[in-house]
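K.L.:
Provided below: query_13.txt, containing compact mmCIF, C-alpha atoms and all ligand atoms.
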```
# COMPACT_ATOMS: atom_id res chain seq x y z
CA MET A 1 7.52 -17.23 5.82
CA ILE A 2 4.98 -15.11 3.93
CA LEU A 3 6.66 -12.43 1.82
CA VAL A 4 4.35 -9.46 1.18
CA ILE A 5 5.12 -6.97 -1.58
CA ASN A 6 3.71 -3.47 -1.13
CA LEU A 7 5.18 -1.22 -3.83
CA ASN A 8 3.07 1.89 -3.20
CA ALA A 9 2.98 2.32 0.59
CA SER A 10 1.17 5.28 2.11
CA LEU A 11 0.53 7.03 5.35
CA ASP A 12 -3.25 6.83 5.67
CA LYS A 13 -4.73 9.87 7.36
CA ARG A 14 -8.31 9.47 8.47
CA TYR A 15 -10.13 12.71 9.35
CA ALA A 16 -13.51 12.86 11.06
CA LEU A 17 -15.53 16.00 10.17
CA ALA A 18 -19.12 17.06 10.76
CA GLU A 19 -19.56 17.92 7.08
CA LEU A 20 -17.46 18.63 4.02
CA THR A 21 -18.07 21.78 1.99
CA LYS A 22 -16.05 22.63 -1.08
CA GLY A 23 -14.21 25.94 -0.85
CA GLU A 24 -14.61 26.30 2.93
CA VAL A 25 -12.14 25.95 5.83
CA MET A 26 -12.92 22.80 7.73
CA ARG A 27 -11.66 21.65 11.13
CA ALA A 28 -11.28 17.97 11.80
CA ASP A 29 -12.73 16.55 15.03
CA SER A 30 -10.03 13.87 15.01
CA VAL A 31 -7.25 12.45 12.87
CA GLN A 32 -5.78 8.95 12.83
CA ASN A 33 -2.48 8.13 11.10
CA THR A 34 -1.88 4.51 10.13
CA PRO A 35 0.44 2.70 7.71
CA GLY A 36 -1.51 2.04 4.54
CA GLY A 37 -1.25 0.26 1.26
CA LYS A 38 -3.01 -3.03 0.56
CA GLY A 39 0.13 -5.10 1.10
CA LEU A 40 0.61 -3.59 4.55
CA HIS A 41 -2.97 -4.58 5.39
CA VAL A 42 -2.15 -8.14 4.30
CA ALA A 43 1.07 -8.15 6.36
CA ASN A 44 -0.77 -6.80 9.40
CA VAL A 45 -3.54 -9.41 9.29
CA ALA A 46 -1.15 -12.31 8.54
CA THR A 47 0.98 -11.20 11.51
CA ILE A 48 -2.09 -11.01 13.78
CA LEU A 49 -3.06 -14.53 12.66
CA GLY A 50 0.35 -15.65 13.91
CA ALA A 51 2.18 -16.21 10.62
CA ASP A 52 5.84 -15.37 10.14
CA THR A 53 5.50 -12.44 7.72
CA ILE A 54 7.85 -9.93 6.14
CA ALA A 55 6.80 -6.85 4.15
CA THR A 56 8.87 -5.27 1.39
CA GLY A 57 8.61 -2.51 -1.23
CA PHE A 58 9.71 1.12 -1.16
CA LEU A 59 9.76 3.68 1.67
CA GLY A 60 11.18 7.19 1.55
CA GLY A 61 11.49 10.43 3.48
CA LYS A 62 10.05 11.24 6.90
CA THR A 63 6.76 9.58 5.96
CA GLY A 64 8.64 6.40 5.14
CA GLU A 65 10.41 6.55 8.51
CA PHE A 66 7.10 7.03 10.29
CA ILE A 67 5.65 3.96 8.52
CA ALA A 68 8.71 1.82 9.34
CA GLU A 69 8.41 2.77 13.02
CA ALA A 70 4.67 2.15 13.05
CA LEU A 71 5.16 -1.30 11.46
CA ALA A 72 7.73 -2.15 14.13
CA GLY A 73 5.18 -1.04 16.74
CA TYR A 74 2.62 -3.45 15.23
CA GLY A 75 5.20 -6.24 15.30
CA ILE A 76 5.28 -6.45 11.49
CA ARG A 77 8.70 -7.47 10.18
CA HIS A 78 9.80 -5.47 7.15
CA ASP A 79 12.68 -5.00 4.77
CA PHE A 80 12.00 -2.07 2.42
CA VAL A 81 14.20 -0.39 -0.18
CA LYS A 82 14.89 3.17 0.93
CA ILE A 83 14.14 5.69 -1.83
CA ALA A 84 15.00 9.37 -2.26
CA GLY A 85 11.37 10.43 -2.80
CA GLU A 86 8.82 10.96 -0.03
CA THR A 87 6.34 8.13 0.60
CA ARG A 88 2.81 9.33 -0.18
CA SER A 89 -0.05 10.14 2.14
CA CYS A 90 -3.65 9.16 1.40
CA LEU A 91 -6.49 11.10 2.99
CA ALA A 92 -9.89 9.70 3.92
CA ILE A 93 -12.44 12.23 5.15
CA ILE A 94 -15.33 10.68 7.04
CA THR A 95 -18.32 12.96 7.56
CA ALA A 96 -21.17 12.60 10.07
CA ASP A 97 -23.52 11.34 7.30
CA GLY A 98 -21.21 8.31 6.94
CA ALA A 99 -19.81 9.36 3.54
CA GLN A 100 -16.11 8.79 2.90
CA THR A 101 -14.20 11.12 0.56
CA GLU A 102 -10.68 10.03 -0.39
CA ILE A 103 -7.68 11.86 -1.81
CA LEU A 104 -4.97 9.46 -2.97
CA GLU A 105 -1.53 10.87 -3.79
CA PRO A 106 0.12 9.29 -6.85
CA GLY A 107 3.26 8.20 -4.98
CA PRO A 108 6.92 9.27 -5.23
CA PRO A 109 9.24 8.70 -8.19
CA VAL A 110 11.27 5.50 -8.13
CA SER A 111 14.60 5.58 -9.98
CA ASP A 112 16.01 2.74 -12.08
CA ALA A 113 18.71 2.17 -9.42
CA GLU A 114 16.05 1.96 -6.66
CA LEU A 115 14.02 -0.49 -8.73
CA LYS A 116 17.14 -2.59 -9.30
CA SER A 117 17.73 -2.65 -5.51
CA PHE A 118 14.18 -3.87 -5.03
CA ARG A 119 14.60 -6.67 -7.57
CA GLU A 120 17.81 -7.75 -5.77
CA LYS A 121 16.09 -7.67 -2.39
CA TYR A 122 13.21 -9.74 -3.78
CA ALA A 123 15.63 -12.33 -5.16
CA ALA A 124 17.37 -12.48 -1.77
CA LEU A 125 14.10 -12.86 0.23
CA LEU A 126 12.42 -15.33 -2.12
CA PRO A 127 14.25 -18.51 -1.03
CA SER A 128 12.98 -18.24 2.56
CA ALA A 129 9.33 -17.58 1.53
CA GLU A 130 6.72 -20.32 1.15
CA VAL A 131 4.13 -17.89 -0.18
CA VAL A 132 4.53 -14.50 -1.88
CA VAL A 133 1.74 -11.91 -1.87
CA ALA A 134 1.63 -8.76 -4.01
CA SER A 135 -1.20 -6.36 -3.27
CA GLY A 136 -2.18 -2.98 -4.55
CA SER A 137 -1.15 -0.45 -7.14
CA ILE A 138 2.23 0.13 -8.77
CA PRO A 139 4.12 3.46 -8.42
CA GLN A 140 3.69 5.60 -11.56
CA ASP A 141 7.33 5.23 -12.76
CA ILE A 142 7.34 1.45 -12.65
CA ASP A 143 6.23 -0.67 -15.57
CA LYS A 144 2.80 -2.26 -15.00
CA GLY A 145 4.35 -5.60 -15.95
CA ILE A 146 6.50 -5.76 -12.80
CA TYR A 147 4.13 -8.17 -11.02
CA ALA A 148 4.36 -10.50 -14.03
CA ASP A 149 8.18 -10.51 -13.65
CA LEU A 150 7.93 -11.19 -9.91
CA ILE A 151 5.42 -14.01 -10.55
CA THR A 152 7.73 -15.63 -13.11
CA ALA A 153 10.65 -15.52 -10.64
CA ALA A 154 8.53 -16.95 -7.80
CA LYS A 155 7.26 -19.79 -10.00
CA ALA A 156 10.82 -20.62 -11.09
CA ALA A 157 11.70 -20.88 -7.38
CA GLY A 158 8.67 -23.16 -6.75
CA LYS A 159 6.81 -20.56 -4.63
CA LYS A 160 3.07 -19.84 -4.67
CA PHE A 161 2.32 -16.25 -5.75
CA LEU A 162 -0.88 -14.49 -4.64
CA LEU A 163 -1.81 -11.40 -6.69
CA ASP A 164 -4.41 -8.82 -5.65
CA THR A 165 -4.39 -5.79 -7.90
CA SER A 166 -6.52 -4.19 -10.61
CA GLY A 167 -6.47 -2.78 -14.13
CA GLU A 168 -3.45 -3.26 -16.37
CA ALA A 169 -1.30 -4.70 -13.55
CA LEU A 170 -3.91 -7.43 -12.99
CA LYS A 171 -4.24 -8.15 -16.72
CA LEU A 172 -0.49 -8.49 -17.21
CA GLY A 173 -0.17 -10.40 -13.93
CA ILE A 174 -2.79 -12.97 -14.94
CA ALA A 175 -0.88 -13.63 -18.16
CA ALA A 176 2.08 -14.76 -16.00
CA GLN A 177 -0.27 -17.25 -14.22
CA PRO A 178 0.00 -16.49 -10.50
CA TYR A 179 -1.25 -19.24 -8.18
CA PHE A 180 -4.05 -17.08 -6.76
CA ILE A 181 -6.08 -13.99 -7.66
CA LYS A 182 -9.01 -12.39 -5.82
CA PRO A 183 -10.76 -9.78 -7.92
CA ASN A 184 -14.01 -8.30 -6.63
CA LYS A 185 -16.89 -7.67 -9.04
CA ASP A 186 -15.72 -4.16 -10.00
CA GLU A 187 -12.24 -5.43 -10.80
CA ILE A 188 -13.57 -8.25 -13.02
CA GLU A 189 -15.92 -5.90 -14.81
CA ALA A 190 -13.03 -3.51 -15.52
CA LEU A 191 -10.86 -6.44 -16.66
CA ARG A 192 -13.46 -8.08 -18.92
CA GLY A 193 -15.27 -4.94 -20.07
CA HIS A 194 -18.75 -6.26 -19.28
CA ARG A 195 -21.04 -6.53 -16.27
CA VAL A 196 -21.02 -9.56 -14.00
CA ASP A 197 -24.25 -9.83 -12.04
CA SER A 198 -25.70 -13.28 -11.40
CA GLU A 199 -23.97 -16.09 -9.56
CA ALA A 200 -23.90 -18.05 -12.83
CA GLU A 201 -21.92 -15.20 -14.41
CA VAL A 202 -19.50 -15.11 -11.47
CA ILE A 203 -18.99 -18.89 -11.77
CA HIS A 204 -18.34 -18.47 -15.49
CA GLU A 205 -15.63 -15.87 -14.74
CA VAL A 206 -14.02 -18.12 -12.11
CA LYS A 207 -13.91 -20.98 -14.64
CA ASN A 208 -12.31 -18.65 -17.19
CA PHE A 209 -9.54 -17.77 -14.71
CA LEU A 210 -8.89 -21.46 -14.06
CA ALA A 211 -8.74 -22.06 -17.82
CA GLU A 212 -6.19 -19.24 -18.07
CA GLY A 213 -3.89 -21.16 -15.73
CA ILE A 214 -4.75 -19.70 -12.32
CA GLY A 215 -4.54 -22.42 -9.64
CA LEU A 216 -6.93 -20.83 -7.14
CA ALA A 217 -9.32 -18.09 -8.29
CA ALA A 218 -11.67 -16.31 -5.88
CA VAL A 219 -14.23 -13.66 -6.71
CA SER A 220 -15.14 -11.81 -3.55
CA LEU A 221 -18.65 -10.43 -3.20
CA GLY A 222 -18.53 -8.39 0.02
CA ALA A 223 -21.34 -9.43 2.40
CA ASP A 224 -22.34 -12.14 -0.11
CA GLY A 225 -19.10 -14.05 0.53
CA SER A 226 -17.13 -15.45 -2.39
CA ILE A 227 -17.10 -17.95 -5.24
CA VAL A 228 -13.86 -19.88 -5.52
CA GLY A 229 -12.37 -22.28 -8.05
CA CYS A 230 -9.43 -24.58 -7.39
CA GLY A 231 -8.47 -27.10 -10.06
CA GLU A 232 -11.65 -29.07 -10.81
CA GLN A 233 -13.44 -27.87 -7.66
CA LEU A 234 -15.79 -24.93 -7.26
CA TYR A 235 -16.90 -23.58 -3.89
CA ARG A 236 -19.52 -21.15 -2.62
CA VAL A 237 -18.36 -19.48 0.60
CA THR A 238 -21.14 -17.89 2.66
CA VAL A 239 -20.45 -15.57 5.59
CA PRO A 240 -22.64 -14.71 8.58
CA ARG A 241 -24.60 -11.48 8.61
CA ILE A 242 -22.67 -8.99 10.75
CA LYS A 243 -22.90 -5.31 11.57
CA ALA A 244 -20.40 -3.87 9.09
CA VAL A 245 -18.44 -0.94 10.52
CA ASN A 246 -15.83 -0.48 7.74
CA PRO A 247 -15.39 -3.13 5.03
CA VAL A 248 -12.37 -1.39 3.46
CA GLY A 249 -9.48 -3.86 3.70
CA SER A 250 -11.75 -6.93 3.88
CA GLY A 251 -10.35 -8.16 0.58
CA ASP A 252 -6.81 -7.67 1.89
CA SER A 253 -7.71 -9.60 5.05
CA TYR A 254 -9.21 -12.37 2.89
CA VAL A 255 -5.92 -12.57 0.94
CA ALA A 256 -4.00 -12.71 4.24
CA GLY A 257 -6.19 -15.66 5.31
CA ILE A 258 -5.39 -17.50 2.05
CA ALA A 259 -1.65 -16.84 2.51
CA VAL A 260 -1.73 -18.10 6.10
CA GLY A 261 -3.76 -21.21 5.17
CA LEU A 262 -1.41 -22.07 2.31
CA SER A 263 1.74 -21.44 4.36
CA ARG A 264 0.37 -23.79 7.06
CA GLY A 265 -0.60 -26.43 4.52
CA LEU A 266 -4.28 -26.37 5.60
CA GLU A 267 -6.95 -28.21 3.59
CA MET A 268 -8.53 -26.00 0.91
CA THR A 269 -11.90 -25.81 2.70
CA GLU A 270 -10.14 -24.76 5.95
CA THR A 271 -8.08 -22.19 4.06
CA LEU A 272 -11.27 -20.72 2.57
CA ARG A 273 -12.92 -20.67 5.98
CA LEU A 274 -9.95 -18.76 7.42
CA SER A 275 -9.87 -16.25 4.57
CA ALA A 276 -13.61 -15.54 4.75
CA ALA A 277 -13.48 -15.23 8.55
CA ALA A 278 -10.58 -12.75 8.27
CA GLY A 279 -12.45 -10.70 5.63
CA THR A 280 -15.61 -10.60 7.73
CA ALA A 281 -13.70 -9.82 10.96
CA ASN A 282 -12.10 -6.82 9.22
CA ALA A 283 -15.52 -5.46 8.20
CA MET A 284 -16.48 -5.40 11.93
CA GLU A 285 -13.64 -2.97 12.81
CA ALA A 286 -13.20 0.76 12.13
CA GLU A 287 -9.55 0.28 11.20
CA SER A 288 -8.85 -0.96 7.64
CA GLY A 289 -6.69 -4.07 7.32
CA PHE A 290 -7.08 -5.06 10.96
CA VAL A 291 -8.76 -8.06 12.62
CA ARG A 292 -9.06 -9.36 16.16
CA LYS A 293 -7.80 -12.92 16.31
CA SER A 294 -10.58 -13.86 18.74
CA THR A 295 -13.23 -12.56 16.29
CA VAL A 296 -11.68 -14.60 13.45
CA GLU A 297 -11.76 -17.72 15.65
CA THR A 298 -15.42 -17.18 16.55
CA LEU A 299 -16.39 -16.56 12.91
CA LEU A 300 -14.59 -19.69 11.66
CA THR A 301 -17.46 -21.92 12.80
CA GLN A 302 -20.03 -19.64 11.14
CA ILE A 303 -18.56 -19.71 7.62
CA LYS A 304 -20.18 -22.15 5.20
CA VAL A 305 -18.02 -23.66 2.44
CA GLU A 306 -20.06 -25.79 0.00
CA ALA A 307 -19.00 -27.46 -3.21
CA ILE A 308 -20.75 -26.29 -6.37
CA ASP A 309 -21.37 -28.77 -9.19
CA PRO A 310 -18.75 -27.69 -11.79
CA THR A 311 -20.91 -28.66 -14.80
N1 LIG B 1 -20.28 -6.53 4.95
C1 LIG B 1 -19.67 -7.72 5.08
N2 LIG B 1 -20.20 -8.68 5.87
C2 LIG B 1 -19.60 -9.88 6.01
N3 LIG B 1 -18.44 -10.22 5.41
C3 LIG B 1 -17.86 -9.31 4.61
C4 LIG B 1 -18.43 -8.01 4.40
N4 LIG B 1 -17.63 -7.33 3.55
C5 LIG B 1 -16.60 -8.17 3.25
N5 LIG B 1 -16.73 -9.36 3.86
C6 LIG B 1 -15.83 -10.53 3.77
O1 LIG B 1 -14.60 -10.12 3.20
C7 LIG B 1 -14.40 -10.72 1.90
C8 LIG B 1 -13.77 -9.73 0.95
O2 LIG B 1 -14.58 -8.58 0.88
P1 LIG B 1 -14.77 -7.69 -0.44
O3 LIG B 1 -15.40 -8.49 -1.52
O4 LIG B 1 -15.49 -6.46 0.00
O5 LIG B 1 -13.26 -7.36 -0.84
P2 LIG B 1 -12.61 -6.13 -1.64
O6 LIG B 1 -13.67 -5.43 -2.44
O7 LIG B 1 -11.45 -6.65 -2.37
O8 LIG B 1 -12.11 -5.19 -0.43
P3 LIG B 1 -10.75 -4.30 -0.27
O9 LIG B 1 -10.11 -4.21 -1.65
O10 LIG B 1 -11.20 -3.00 0.29
O11 LIG B 1 -9.86 -4.99 0.70
C9 LIG B 1 -15.78 -11.22 1.49
O12 LIG B 1 -15.67 -12.33 0.61
C10 LIG B 1 -16.37 -11.61 2.84
O13 LIG B 1 -15.84 -12.87 3.26
MG MG B 2 -9.73 -5.65 -2.99
```
Would you write out, as structure tokens, the structure that this file holds?

P.N.:
Amino acid sequence: MILVINLNASLDKRYALAELTKGEVMRADSVQNTPGGKGLHVANVATILGADTIATGFLGGKTGEFIAEALAGYGIRHDFVKIAGETRSCLAIITADGAQTEILEPGPPVSDAELKSFREKYAALLPSAEVVVASGSIPQDIDKGIYADLITAAKAAGKKFLLDTSGEALKLGIAAQPYFIKPNKDEIEALRGHRVDSEAEVIHEVKNFLAEGIGLAAVSLGADGSIVGCGEQLYRVTVPRIKAVNPVGSGDSYVAGIAVGLSRGLEMTETLRLSAAAGTANAMEAESGFVRKSTVETLLTQIKVEAIDPT
């Protein structure tokens, strides 16, 4: 089973408008409501790829109920801690010029008792997981070191932990040595405080992560694929050129592919092929954190995984 942690769930509301003008009343042409949060994207894609997956975290209020029902509709198993606060909504406004403007709510308060319930639920779910994934931001009331705690517990139980987050949560998480991380360029630049441009610089960063005790470190580069390090091995993963519709959630889909590959015990090169195919398949869809299984299968043969000389 793949256990996916999504601490800061949201109801994602996607509005289509002709144009957006500050200070004016605007009428949306359409609105789509979908469960959001990076972990829920991961759980959705892992479920579509056929893996036994369970999502956990916090849900509250009517918005939380809506998300729980929507997840059930998608066939995503879940076991969330119910909280008193209202789960947040995140707004994405897409205008005819293709621009996307986002308003992200900070998320509800989480009490100490609710956090304790989550830690207990995690401890109860951990034994039946082969792989644990934590994706996305941390609610404002919760210490940014929580992923580090969850990583330590997973490692003690002999489980692989996949971490996809940013900022302080990523920094503290890396110190606890998760099995896998997947920063994109922006996330590495924020973490290291300097620019990372050339492939040589990306490779250097991947090697640094391995030296810091990460088992499998991937730097994703959007349409340019990814550079991955695993133990002594380095790989360049190249993806086919596609017509990108909406690449938001491609990183989450990539993480889902890694989780599925690891949970199935696939060879590393096959795992990387699956993750890249899932990331690329997501970019071909309007919905974030969604892939068609048939598209992933077609793309698998078009992904190139080559070894890079580690010296
Ligand atoms: N335009 C694209 N064309 C082809 N493949 C893509 C494209 N964008 C993303 N991918 C695939 O998805 C993977 C992850 O994408 P990306 O680097 O954009 O992740 P990300 O920035 O973490 O995204 P997010 O956080 O929104 O999920 C890439 O390594 C690649 O395999
Ligand atoms: Mg990402």

K.L.:
Select the residues contacting ligand MG 2 (chain B) at a distance of at most 8 Å, based on only C-alpha atoms and all ligand atoms, then format the selection as an NGL selection string.

P.N.:
:A and (164-165 or 182-184 or 249-252)

K.L.:
What is the CA of Ser226 (chain A) to CA of Ile308 (chain A) distance in Å?

P.N.:
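One can read the CA of Ser226 (chain A) to CA of Ile308 (chain A) distance as 12.1 Å.
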
K.L.:
Excluding Ile48 (chain A) and its own-chain neighbours fewer than 4 positions away, which residues fall within 9 Å of it when counting only C-alpha atoms? Please give them as a PDB file with C-alpha atoms, keeping the file's coordinate frame.

P.N.:
```
ATOM      1  CA  ALA A  43       1.070  -8.150   6.360  1.00  0.00           C
ATOM      2  CA  ASN A  44      -0.770  -6.800   9.400  1.00  0.00           C
ATOM      3  CA  GLY A  75       5.200  -6.240  15.300  1.00  0.00           C
ATOM      4  CA  ILE A  76       5.280  -6.450  11.490  1.00  0.00           C
ATOM      5  CA  PHE A 290      -7.080  -5.060  10.960  1.00  0.00           C
ATOM      6  CA  VAL A 291      -8.760  -8.060  12.620  1.00  0.00           C
ATOM      7  CA  ARG A 292      -9.060  -9.360  16.160  1.00  0.00           C
ATOM      8  CA  LYS A 293      -7.800 -12.920  16.310  1.00  0.00           C
TER       9      LYS A 293
END
```

K.L.:
When you look at Val4 (chain A) with a cut-off of 6 Å (counting all atoms listed in the file), what residues show up, excluding the ones that are within fewer than 4 positions of it in the same chain? I need them as a ChimeraX atom specification.

P.N.:
/A:55,132-134

K.L.:
Which chains and residue numbers are within 6 Å of ligand LIG 1 (chain B), counting only C-alpha atoms and all ligand atoms, if I want them as JSON, numbers by chain?

P.N.:
{"A": [184, 220, 221, 222, 223, 225, 226, 239, 241, 242, 244, 247, 248, 249, 250, 251, 252, 254, 276, 279, 280, 283]}

K.L.:
Mind giving me the straight-line distance from CA of Ala211 (chain A) to CA of Ile227 (chain A) in Å, one decimal?

P.N.:
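Atom-to-atom, CA of Ala211 (chain A) to CA of Ile227 (chain A), that is 15.7 Å.
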
K.L.:
Any idea what the distance is between CA of Ile258 (chain A) and CA of Ser198 (chain A)?

P.N.:
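Separation between CA of Ile258 (chain A) and CA of Ser198 (chain A): 24.7 Å.
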
K.L.:
Return the single residue from A:Gln100, A:Ser10, A:Gln32, A:Ser135 that is closest to Gly61 (chain A), with distances computed using all atoms listed in the file.

P.N.:
A:Ser10

K.L.:
Between A:Ala148, A:Lys82, A:Cys90, A:Ser166, which one has atoms that come closest to Glu102 (chain A), using only C-alpha atoms?

P.N.:
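Smallest distance to Glu102 (chain A) is found for A:Cys90.
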
K.L.:
Neighbouring residues of Ala277 (chain A) were defined as those with any atom within 6 Å, considering all atoms listed in the file; residues of the same chain fewer than 6 positions away were excluded. Please report them as a ChimeraX atom specification.

P.N.:
/A:296,299-300

K.L.:
Rank A:Gly289, A:Gly57, A:Pro35, A:Pro240 by their smallest atom-to-atom distance to Glu69 (chain A), using all atoms listed in the file, and report the top residue only.

P.N.:
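Closest candidate: A:Pro35.
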
K.L.:
I'd like to know which of A:Gly167, A:Thr21, A:Ala16, A:Leu172 is closest to Arg192 (chain A), using only C-alpha atoms.

P.N.:
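Result for the nearest residue to Arg192 (chain A): A:Gly167.
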
K.L.:
Set the distance at 12 Å and use only C-alpha atoms: which residues neighbour Asp112 (chain A) once local chain neighbours fewer than 2 positions away are removed? I'd like the list as number ranges by chain.

P.N.:
A: 83-84, 109-110, 114-119, 141-143
